[in-house]
$ cat model.pdb   # PDB, C-alpha atoms, pLDDT in the B column
ATOM      1  CA  MET K  63      45.874  13.220 -21.133  1.00 61.00           C
ATOM      2  CA  THR K  64      42.678  11.375 -20.344  1.00 84.00           C
ATOM      3  CA  VAL K  65      42.403   8.980 -17.424  1.00 90.00           C
ATOM      4  CA  LYS K  66      39.169   7.103 -16.721  1.00 91.00           C
ATOM      5  CA  LEU K  67      38.033   5.199 -13.635  1.00 91.00           C
ATOM      6  CA  THR K  68      35.510   2.423 -14.324  1.00 93.00           C
ATOM      7  CA  ALA K  69      33.759   0.037 -11.951  1.00 93.00           C
ATOM      8  CA  TYR K  70      34.668  -3.581 -12.764  1.00 93.00           C
ATOM      9  CA  LEU K  71      32.392  -6.358 -11.480  1.00 92.00           C
ATOM     10  CA  VAL K  72      33.862  -9.832 -11.015  1.00 92.00           C
ATOM     11  CA  MET K  73      31.210 -12.549 -11.004  1.00 92.00           C
ATOM     12  CA  ASP K  74      31.251 -16.246 -10.093  1.00 90.00           C
ATOM     13  CA  GLY K  75      30.084 -17.742 -13.385  1.00 92.00           C
ATOM     14  CA  ASN K  76      26.984 -15.569 -13.743  1.00 92.00           C
ATOM     15  CA  ALA K  77      28.414 -12.531 -15.537  1.00 94.00           C
ATOM     16  CA  GLN K  78      26.217 -13.146 -18.590  1.00 96.00           C
ATOM     17  CA  GLU K  79      23.125 -13.108 -16.356  1.00 94.00           C
ATOM     18  CA  ALA K  80      24.365  -9.911 -14.651  1.00 94.00           C
ATOM     19  CA  ILE K  81      25.006  -8.271 -18.035  1.00 96.00           C
ATOM     20  CA  HIS K  82      21.417  -8.960 -19.128  1.00 95.00           C
ATOM     21  CA  PHE K  83      20.104  -7.717 -15.776  1.00 92.00           C
ATOM     22  CA  TYR K  84      22.043  -4.427 -15.857  1.00 93.00           C
ATOM     23  CA  GLU K  85      21.303  -3.970 -19.555  1.00 94.00           C
ATOM     24  CA  LYS K  86      17.587  -3.831 -18.701  1.00 94.00           C
ATOM     25  CA  ALA K  87      17.776  -2.261 -15.229  1.00 88.00           C
ATOM     26  CA  LEU K  88      20.101   0.570 -16.277  1.00 87.00           C
ATOM     27  CA  ASP K  89      19.069   0.994 -19.936  1.00 92.00           C
ATOM     28  CA  ALA K  90      22.618  -0.032 -20.791  1.00 94.00           C
ATOM     29  CA  GLN K  91      24.056  -0.916 -24.171  1.00 97.00           C
ATOM     30  CA  VAL K  92      26.353  -3.928 -24.477  1.00 97.00           C
ATOM     31  CA  LEU K  93      29.532  -2.717 -26.186  1.00 97.00           C
ATOM     32  CA  PHE K  94      31.641  -5.872 -25.979  1.00 96.00           C
ATOM     33  CA  THR K  95      31.591  -9.424 -24.658  1.00 97.00           C
ATOM     34  CA  GLN K  96      34.216 -12.144 -24.988  1.00 96.00           C
ATOM     35  CA  SER K  97      34.252 -15.524 -23.305  1.00 96.00           C
ATOM     36  CA  PHE K  98      37.453 -17.111 -22.035  1.00 94.00           C
ATOM     37  CA  GLY K  99      37.042 -19.620 -24.870  1.00 94.00           C
ATOM     38  CA  GLU K 100      37.082 -16.816 -27.462  1.00 95.00           C
ATOM     39  CA  MET K 101      40.366 -15.377 -26.161  1.00 92.00           C
ATOM     40  CA  PRO K 102      43.696 -16.352 -27.748  1.00 90.00           C
ATOM     41  CA  ALA K 103      44.933 -19.693 -26.413  1.00 87.00           C
ATOM     42  CA  ASN K 104      47.976 -19.777 -24.164  1.00 85.00           C
ATOM     43  CA  PRO K 105      49.764 -23.157 -24.321  1.00 87.00           C
ATOM     44  CA  ASP K 106      51.408 -22.466 -20.938  1.00 87.00           C
ATOM     45  CA  PHE K 107      47.980 -22.180 -19.295  1.00 84.00           C
ATOM     46  CA  PRO K 108      45.485 -24.553 -20.917  1.00 88.00           C
ATOM     47  CA  LEU K 109      41.888 -23.433 -20.493  1.00 89.00           C
ATOM     48  CA  PRO K 110      39.671 -25.817 -18.502  1.00 90.00           C
ATOM     49  CA  GLU K 111      36.626 -26.948 -20.486  1.00 91.00           C
ATOM     50  CA  ASP K 112      34.198 -25.537 -17.902  1.00 91.00           C
ATOM     51  CA  ALA K 113      35.819 -22.070 -18.189  1.00 93.00           C
ATOM     52  CA  LYS K 114      35.321 -21.663 -21.940  1.00 94.00           C
ATOM     53  CA  GLY K 115      31.759 -20.317 -21.698  1.00 95.00           C
ATOM     54  CA  ARG K 116      32.473 -17.918 -18.850  1.00 96.00           C
ATOM     55  CA  ILE K 117      32.887 -14.211 -19.597  1.00 97.00           C
ATOM     56  CA  GLY K 118      36.537 -13.140 -19.856  1.00 94.00           C
ATOM     57  CA  HIS K 119      35.645  -9.493 -20.436  1.00 94.00           C
ATOM     58  CA  ALA K 120      32.537  -7.456 -21.176  1.00 97.00           C
ATOM     59  CA  MET K 121      31.680  -3.772 -21.248  1.00 96.00           C
ATOM     60  CA  LEU K 122      28.367  -1.951 -20.964  1.00 96.00           C
ATOM     61  CA  GLN K 123      27.693   1.705 -21.714  1.00 95.00           C
ATOM     62  CA  VAL K 124      25.452   3.255 -19.052  1.00 93.00           C
ATOM     63  CA  GLY K 125      24.692   6.828 -20.037  1.00 89.00           C
ATOM     64  CA  GLU K 126      28.113   8.478 -20.201  1.00 89.00           C
ATOM     65  CA  SER K 127      29.755   5.821 -18.012  1.00 91.00           C
ATOM     66  CA  SER K 128      31.040   2.302 -18.560  1.00 93.00           C
ATOM     67  CA  LEU K 129      30.608  -0.819 -16.471  1.00 94.00           C
ATOM     68  CA  MET K 130      32.968  -3.767 -16.996  1.00 94.00           C
ATOM     69  CA  PHE K 131      32.502  -7.445 -16.142  1.00 94.00           C
ATOM     70  CA  SER K 132      34.295 -10.754 -16.030  1.00 94.00           C
ATOM     71  CA  ASP K 133      33.786 -14.156 -14.456  1.00 95.00           C
ATOM     72  CA  THR K 134      36.258 -15.983 -12.259  1.00 92.00           C
ATOM     73  CA  PHE K 135      37.683 -19.307 -13.356  1.00 86.00           C
ATOM     74  CA  PRO K 136      35.737 -22.334 -12.083  1.00 84.00           C
ATOM     75  CA  GLY K 137      36.814 -23.126  -8.530  1.00 84.00           C
ATOM     76  CA  GLN K 138      37.984 -19.592  -7.752  1.00 85.00           C
ATOM     77  CA  THR K 139      35.934 -17.856  -5.106  1.00 82.00           C
ATOM     78  CA  VAL K 140      34.634 -14.329  -5.148  1.00 80.00           C
ATOM     79  CA  GLN K 141      34.950 -12.627  -1.789  1.00 77.00           C
ATOM     80  CA  LYS K 142      32.087 -10.191  -1.211  1.00 74.00           C
ATOM     81  CA  GLY K 143      33.597  -6.732  -1.284  1.00 69.00           C
ATOM     82  CA  ASP K 144      36.378  -7.883  -3.615  1.00 75.00           C
ATOM     83  CA  ASN K 145      34.015  -8.455  -6.527  1.00 86.00           C
ATOM     84  CA  VAL K 146      33.935  -4.737  -7.356  1.00 88.00           C
ATOM     85  CA  THR K 147      37.255  -3.265  -8.461  1.00 90.00           C
ATOM     86  CA  ILE K 148      38.265   0.002 -10.091  1.00 93.00           C
ATOM     87  CA  CYS K 149      39.789  -0.083 -13.553  1.00 93.00           C
ATOM     88  CA  ILE K 150      42.125   2.834 -14.299  1.00 94.00           C
ATOM     89  CA  THR K 151      42.414   3.356 -18.052  1.00 93.00           C
ATOM     90  CA  SER K 152      45.108   5.440 -19.719  1.00 93.00           C
ATOM     91  CA  LYS K 153      46.693   5.595 -23.162  1.00 94.00           C
ATOM     92  CA  ASP K 154      50.112   6.325 -21.650  1.00 93.00           C
ATOM     93  CA  LYS K 155      52.259   3.356 -20.501  1.00 95.00           C
ATOM     94  CA  GLU K 156      54.400   5.627 -18.334  1.00 95.00           C
ATOM     95  CA  LYS K 157      51.325   7.001 -16.575  1.00 93.00           C
ATOM     96  CA  SER K 158      50.061   3.443 -16.038  1.00 95.00           C
ATOM     97  CA  GLN K 159      53.442   2.498 -14.546  1.00 96.00           C
ATOM     98  CA  LYS K 160      53.268   5.530 -12.226  1.00 94.00           C
ATOM     99  CA  PHE K 161      49.763   4.567 -11.013  1.00 95.00           C
ATOM    100  CA  TYR K 162      50.822   0.941 -10.548  1.00 96.00           C
ATOM    101  CA  ASN K 163      53.960   1.827  -8.568  1.00 96.00           C
ATOM    102  CA  ALA K 164      52.105   4.262  -6.329  1.00 94.00           C
ATOM    103  CA  LEU K 165      49.200   1.898  -5.608  1.00 94.00           C
ATOM    104  CA  LYS K 166      51.396  -1.115  -4.819  1.00 95.00           C
ATOM    105  CA  ASP K 167      53.340   0.850  -2.166  1.00 93.00           C
ATOM    106  CA  GLY K 168      52.215  -0.788   1.074  1.00 94.00           C
ATOM    107  CA  GLY K 169      49.785  -2.949  -0.879  1.00 93.00           C
ATOM    108  CA  GLN K 170      49.774  -6.317  -2.601  1.00 96.00           C
ATOM    109  CA  VAL K 171      50.531  -7.094  -6.246  1.00 97.00           C
ATOM    110  CA  ILE K 172      47.903  -9.398  -7.737  1.00 95.00           C
ATOM    111  CA  MET K 173      49.288  -9.328 -11.283  1.00 95.00           C
ATOM    112  CA  GLU K 174      52.542  -7.669 -12.312  1.00 97.00           C
ATOM    113  CA  LEU K 175      52.201  -4.829 -14.822  1.00 97.00           C
ATOM    114  CA  GLN K 176      52.888  -6.497 -18.182  1.00 96.00           C
ATOM    115  CA  GLU K 177      51.938  -6.714 -21.831  1.00 94.00           C
ATOM    116  CA  THR K 178      48.907  -8.927 -22.498  1.00 93.00           C
ATOM    117  CA  HIS K 179      46.922  -9.841 -25.606  1.00 90.00           C
ATOM    118  CA  PHE K 180      44.466  -7.050 -24.759  1.00 92.00           C
ATOM    119  CA  SER K 181      46.773  -4.305 -23.452  1.00 94.00           C
ATOM    120  CA  PRO K 182      50.363  -3.135 -23.929  1.00 96.00           C
ATOM    121  CA  SER K 183      50.544  -2.636 -20.143  1.00 97.00           C
ATOM    122  CA  TYR K 184      48.096  -4.242 -17.691  1.00 96.00           C
ATOM    123  CA  GLY K 185      48.302  -5.197 -14.022  1.00 97.00           C
ATOM    124  CA  GLN K 186      46.314  -5.577 -10.826  1.00 96.00           C
ATOM    125  CA  VAL K 187      47.124  -4.376  -7.330  1.00 95.00           C
ATOM    126  CA  LYS K 188      45.313  -4.215  -3.997  1.00 93.00           C
ATOM    127  CA  ASP K 189      46.324  -0.994  -2.271  1.00 91.00           C
ATOM    128  CA  LYS K 190      47.109  -0.600   1.421  1.00 89.00           C
ATOM    129  CA  PHE K 191      43.440   0.181   2.089  1.00 78.00           C
ATOM    130  CA  GLY K 192      42.244  -3.108   0.564  1.00 85.00           C
ATOM    131  CA  VAL K 193      40.904  -1.536  -2.647  1.00 87.00           C
ATOM    132  CA  THR K 194      41.708  -3.533  -5.802  1.00 91.00           C
ATOM    133  CA  PHE K 195      42.709  -1.615  -8.921  1.00 92.00           C
ATOM    134  CA  GLN K 196      43.209  -2.850 -12.464  1.00 94.00           C
ATOM    135  CA  ILE K 197      45.612  -0.705 -14.447  1.00 96.00           C
ATOM    136  CA  PHE K 198      44.716  -0.911 -18.135  1.00 95.00           C
ATOM    137  CA  THR K 199      46.638   0.838 -20.906  1.00 96.00           C
ATOM    138  CA  GLU K 200      44.880   1.310 -24.210  1.00 92.00           C
ATOM    139  CA  GLY K 201      47.146   1.084 -27.211  1.00 84.00           C
ATOM    140  CA  ALA K 202      47.773   0.108 -30.791  1.00 59.00           C
ATOM    141  CA  SER K 203      50.251  -2.598 -29.833  1.00 47.00           C
ATOM    142  CA  MET K 204      47.450  -4.903 -28.737  1.00 42.00           C
ATOM    143  CA  ASN K 205      47.378  -8.263 -30.543  1.00 42.00           C
TER     144      ASN K 205
END
$ encode --input "model.pdb" --output "structure tokens"
Amino acid sequence: MTVKLTAYLVMDGNAQEAIHFYEKALDAQVLFTQSFGEMPANPDFPLPEDAKGRIGHAMLQVGESSLMFSDTFPGQTVQKGDNVTICITSKDKEKSQKFYNALKDGGQVIMELQETHFSPSYGQVKDKFGVTFQIFTEGASMN
């Protein structure tokens, strides 16, 4: 089974600028970008107008590695040191659950592990050392 760790950069409204910068600085190739406005709407959480143009998710290929990005929602702050997280990617929901359970022990759950429009099992946790992890499961059950 393959498990990947990827750096994930959270920006404060300037992810698109950062993507262009790293694309040139690191000879990176943009693999994917999607704004919050391009994501499926959720009637329970209406999207503020000023969030629609911000990056909801992007991925760059840098050599044999990936670099992921997103913006915060307007009004959310980015704490220096918390703007770089580690994304753990697996194709196995059980393995993702195991990682999630182990990392939350003594830590803080940011987002419960759950099905989303982009992953059959996704969550976020800050471990007991203050390191934030995103647990992302790849899978065919994505909408």
$ resolve_selection --input "model.pdb" --expression "the PyMOL selection byres ((chain K and resi 191-196) around 9)" --output "list in words"
Tyr70, Asp144, Val146, Thr147, Ile148, Cys149, Ile150, Thr151, Tyr162, Leu165, Gly168, Gly169, Gln170, Ile172, Met173, Tyr184, Gly185, Gln186, Val187, Lys188, Asp189, Lys190, Ile197 and Phe198 of chain K
$ atom_distance --input "model.pdb" --atom1 "atom CA of K:Lys86" --atom2 "atom CA of K:Val124"
10.6 Å
$ closest_residue --input "model.pdb" --among "K:Met101, K:Asp106, K:Ala120, K:Gly125" --to "K:Glu79" --atoms "all atoms listed in the file"
K:Ala120
$ residues_around --input "model.pdb" --residues "stretch 72-74 of chain K" --least-positions-apart "5" --cutoff "10 Å" --atoms "all atoms listed in the file" --output "PyMOL selection string"
chain K and resi 79-80+116-119+130-142+144-147
$ residues_near_point --input "model.pdb" --point "(42.4, 0.1, -23.0)" --cutoff "8 Å" --atoms "all atoms listed in the file" --output "list in words"
Thr151, Ser152, Lys153, Phe180, Ser181, Phe198, Thr199, Glu200 and Gly201 of chain K
$ write_last_selection --input "model.pdb" --atoms "C-alpha atoms" --output "mmCIF file, in the frame of the given file"
data_model
loop_
_atom_site.group_PDB
_atom_site.id
_atom_site.type_symbol
_atom_site.label_atom_id
_atom_site.label_comp_id
_atom_site.auth_asym_id
_atom_site.auth_seq_id
_atom_site.Cartn_x
_atom_site.Cartn_y
_atom_site.Cartn_z
ATOM 1 C CA THR K 151 42.414 3.356 -18.052
ATOM 2 C CA SER K 152 45.108 5.440 -19.719
ATOM 3 C CA LYS K 153 46.693 5.595 -23.162
ATOM 4 C CA PHE K 180 44.466 -7.050 -24.759
ATOM 5 C CA SER K 181 46.773 -4.305 -23.452
ATOM 6 C CA PHE K 198 44.716 -0.911 -18.135
ATOM 7 C CA THR K 199 46.638 0.838 -20.906
ATOM 8 C CA GLU K 200 44.880 1.310 -24.210
ATOM 9 C CA GLY K 201 47.146 1.084 -27.211
#
$ decode --input "model.pdb" --residues "stretch 88-178 of chain K" --atoms "C-alpha atoms" --output "PDB file, in the first residue's frame"
ATOM      1  CA  LEU K  88      10.682  25.672  -8.642  1.00  0.00           C
ATOM      2  CA  ASP K  89      10.042  24.835 -12.320  1.00  0.00           C
ATOM      3  CA  ALA K  90       6.739  23.384 -11.150  1.00  0.00           C
ATOM      4  CA  GLN K  91       3.800  22.256 -13.239  1.00  0.00           C
ATOM      5  CA  VAL K  92       0.284  23.205 -12.154  1.00  0.00           C
ATOM      6  CA  LEU K  93      -1.732  19.978 -12.017  1.00  0.00           C
ATOM      7  CA  PHE K  94      -4.998  21.296 -10.585  1.00  0.00           C
ATOM      8  CA  THR K  95      -6.645  24.462  -9.309  1.00  0.00           C
ATOM      9  CA  GLN K  96     -10.198  24.993  -8.088  1.00  0.00           C
ATOM     10  CA  SER K  97     -11.636  28.085  -6.466  1.00  0.00           C
ATOM     11  CA  PHE K  98     -14.155  27.894  -3.638  1.00  0.00           C
ATOM     12  CA  GLY K  99     -16.697  29.221  -6.144  1.00  0.00           C
ATOM     13  CA  GLU K 100     -16.064  26.261  -8.473  1.00  0.00           C
ATOM     14  CA  MET K 101     -16.708  23.694  -5.726  1.00  0.00           C
ATOM     15  CA  PRO K 102     -20.152  22.109  -5.298  1.00  0.00           C
ATOM     16  CA  ALA K 103     -22.489  24.394  -3.350  1.00  0.00           C
ATOM     17  CA  ASN K 104     -23.534  23.420   0.156  1.00  0.00           C
ATOM     18  CA  PRO K 105     -26.892  24.983   1.121  1.00  0.00           C
ATOM     19  CA  ASP K 106     -26.058  24.532   4.826  1.00  0.00           C
ATOM     20  CA  PHE K 107     -22.962  26.722   4.428  1.00  0.00           C
ATOM     21  CA  PRO K 108     -23.555  29.473   1.866  1.00  0.00           C
ATOM     22  CA  LEU K 109     -20.347  30.750   0.299  1.00  0.00           C
ATOM     23  CA  PRO K 110     -19.571  34.428   0.961  1.00  0.00           C
ATOM     24  CA  GLU K 111     -19.179  36.420  -2.258  1.00  0.00           C
ATOM     25  CA  ASP K 112     -15.611  37.459  -1.389  1.00  0.00           C
ATOM     26  CA  ALA K 113     -14.586  33.785  -0.963  1.00  0.00           C
ATOM     27  CA  LYS K 114     -15.621  32.635  -4.440  1.00  0.00           C
ATOM     28  CA  GLY K 115     -12.372  33.664  -6.154  1.00  0.00           C
ATOM     29  CA  ARG K 116     -10.088  32.256  -3.475  1.00  0.00           C
ATOM     30  CA  ILE K 117      -8.331  28.938  -4.081  1.00  0.00           C
ATOM     31  CA  GLY K 118     -10.116  25.986  -2.456  1.00  0.00           C
ATOM     32  CA  HIS K 119      -7.483  23.495  -3.596  1.00  0.00           C
ATOM     33  CA  ALA K 120      -4.511  23.444  -5.946  1.00  0.00           C
ATOM     34  CA  MET K 121      -1.659  21.057  -6.637  1.00  0.00           C
ATOM     35  CA  LEU K 122       1.748  21.591  -8.210  1.00  0.00           C
ATOM     36  CA  GLN K 123       4.173  18.921  -9.383  1.00  0.00           C
ATOM     37  CA  VAL K 124       7.742  19.771  -8.357  1.00  0.00           C
ATOM     38  CA  GLY K 125      10.068  17.144  -9.769  1.00  0.00           C
ATOM     39  CA  GLU K 126       8.838  13.902  -8.211  1.00  0.00           C
ATOM     40  CA  SER K 127       7.041  15.684  -5.359  1.00  0.00           C
ATOM     41  CA  SER K 128       3.752  17.520  -4.982  1.00  0.00           C
ATOM     42  CA  LEU K 129       2.954  20.795  -3.270  1.00  0.00           C
ATOM     43  CA  MET K 130      -0.657  21.594  -2.342  1.00  0.00           C
ATOM     44  CA  PHE K 131      -2.316  24.952  -1.673  1.00  0.00           C
ATOM     45  CA  SER K 132      -5.516  26.536  -0.480  1.00  0.00           C
ATOM     46  CA  ASP K 133      -6.664  29.919   0.767  1.00  0.00           C
ATOM     47  CA  THR K 134      -8.466  30.597   4.017  1.00  0.00           C
ATOM     48  CA  PHE K 135     -11.959  32.041   3.990  1.00  0.00           C
ATOM     49  CA  PRO K 136     -12.073  35.849   4.213  1.00  0.00           C
ATOM     50  CA  GLY K 137     -11.740  36.914   7.841  1.00  0.00           C
ATOM     51  CA  GLN K 138      -9.922  33.757   8.937  1.00  0.00           C
ATOM     52  CA  THR K 139      -6.366  34.352  10.040  1.00  0.00           C
ATOM     53  CA  VAL K 140      -3.316  32.343   9.151  1.00  0.00           C
ATOM     54  CA  GLN K 141      -0.997  31.848  12.095  1.00  0.00           C
ATOM     55  CA  LYS K 142       2.636  31.743  10.975  1.00  0.00           C
ATOM     56  CA  GLY K 143       3.821  28.202  11.526  1.00  0.00           C
ATOM     57  CA  ASP K 144       0.299  26.839  11.044  1.00  0.00           C
ATOM     58  CA  ASN K 145       0.206  27.740   7.361  1.00  0.00           C
ATOM     59  CA  VAL K 146       2.254  24.665   6.427  1.00  0.00           C
ATOM     60  CA  THR K 147       0.572  21.338   7.139  1.00  0.00           C
ATOM     61  CA  ILE K 148       1.287  17.763   6.113  1.00  0.00           C
ATOM     62  CA  CYS K 149      -1.238  15.945   3.959  1.00  0.00           C
ATOM     63  CA  ILE K 150      -1.217  12.159   4.393  1.00  0.00           C
ATOM     64  CA  THR K 151      -2.687  10.478   1.318  1.00  0.00           C
ATOM     65  CA  SER K 152      -3.821   6.862   1.195  1.00  0.00           C
ATOM     66  CA  LYS K 153      -6.224   4.830  -0.923  1.00  0.00           C
ATOM     67  CA  ASP K 154      -7.314   2.797   2.109  1.00  0.00           C
ATOM     68  CA  LYS K 155     -10.081   4.229   4.354  1.00  0.00           C
ATOM     69  CA  GLU K 156      -9.091   1.918   7.203  1.00  0.00           C
ATOM     70  CA  LYS K 157      -5.484   3.103   7.033  1.00  0.00           C
ATOM     71  CA  SER K 158      -6.690   6.721   7.010  1.00  0.00           C
ATOM     72  CA  GLN K 159      -8.824   5.999  10.089  1.00  0.00           C
ATOM     73  CA  LYS K 160      -5.795   4.443  11.824  1.00  0.00           C
ATOM     74  CA  PHE K 161      -3.626   7.513  11.083  1.00  0.00           C
ATOM     75  CA  TYR K 162      -6.402   9.859  12.211  1.00  0.00           C
ATOM     76  CA  ASN K 163      -7.010   8.004  15.488  1.00  0.00           C
ATOM     77  CA  ALA K 164      -3.312   7.827  16.310  1.00  0.00           C
ATOM     78  CA  LEU K 165      -2.626  11.497  15.530  1.00  0.00           C
ATOM     79  CA  LYS K 166      -5.607  12.829  17.496  1.00  0.00           C
ATOM     80  CA  ASP K 167      -4.476  11.008  20.671  1.00  0.00           C
ATOM     81  CA  GLY K 168      -3.393  13.868  22.929  1.00  0.00           C
ATOM     82  CA  GLY K 169      -4.036  16.320  20.108  1.00  0.00           C
ATOM     83  CA  GLN K 170      -6.901  18.418  18.802  1.00  0.00           C
ATOM     84  CA  VAL K 171      -9.448  17.510  16.128  1.00  0.00           C
ATOM     85  CA  ILE K 172      -9.854  20.321  13.603  1.00  0.00           C
ATOM     86  CA  MET K 173     -12.227  18.437  11.298  1.00  0.00           C
ATOM     87  CA  GLU K 174     -13.716  15.024  12.032  1.00  0.00           C
ATOM     88  CA  LEU K 175     -12.779  12.275   9.573  1.00  0.00           C
ATOM     89  CA  GLN K 176     -15.722  12.181   7.150  1.00  0.00           C
ATOM     90  CA  GLU K 177     -16.817  11.796   3.555  1.00  0.00           C
ATOM     91  CA  THR K 178     -16.552  15.008   1.520  1.00  0.00           C
TER      92      THR K 178
END
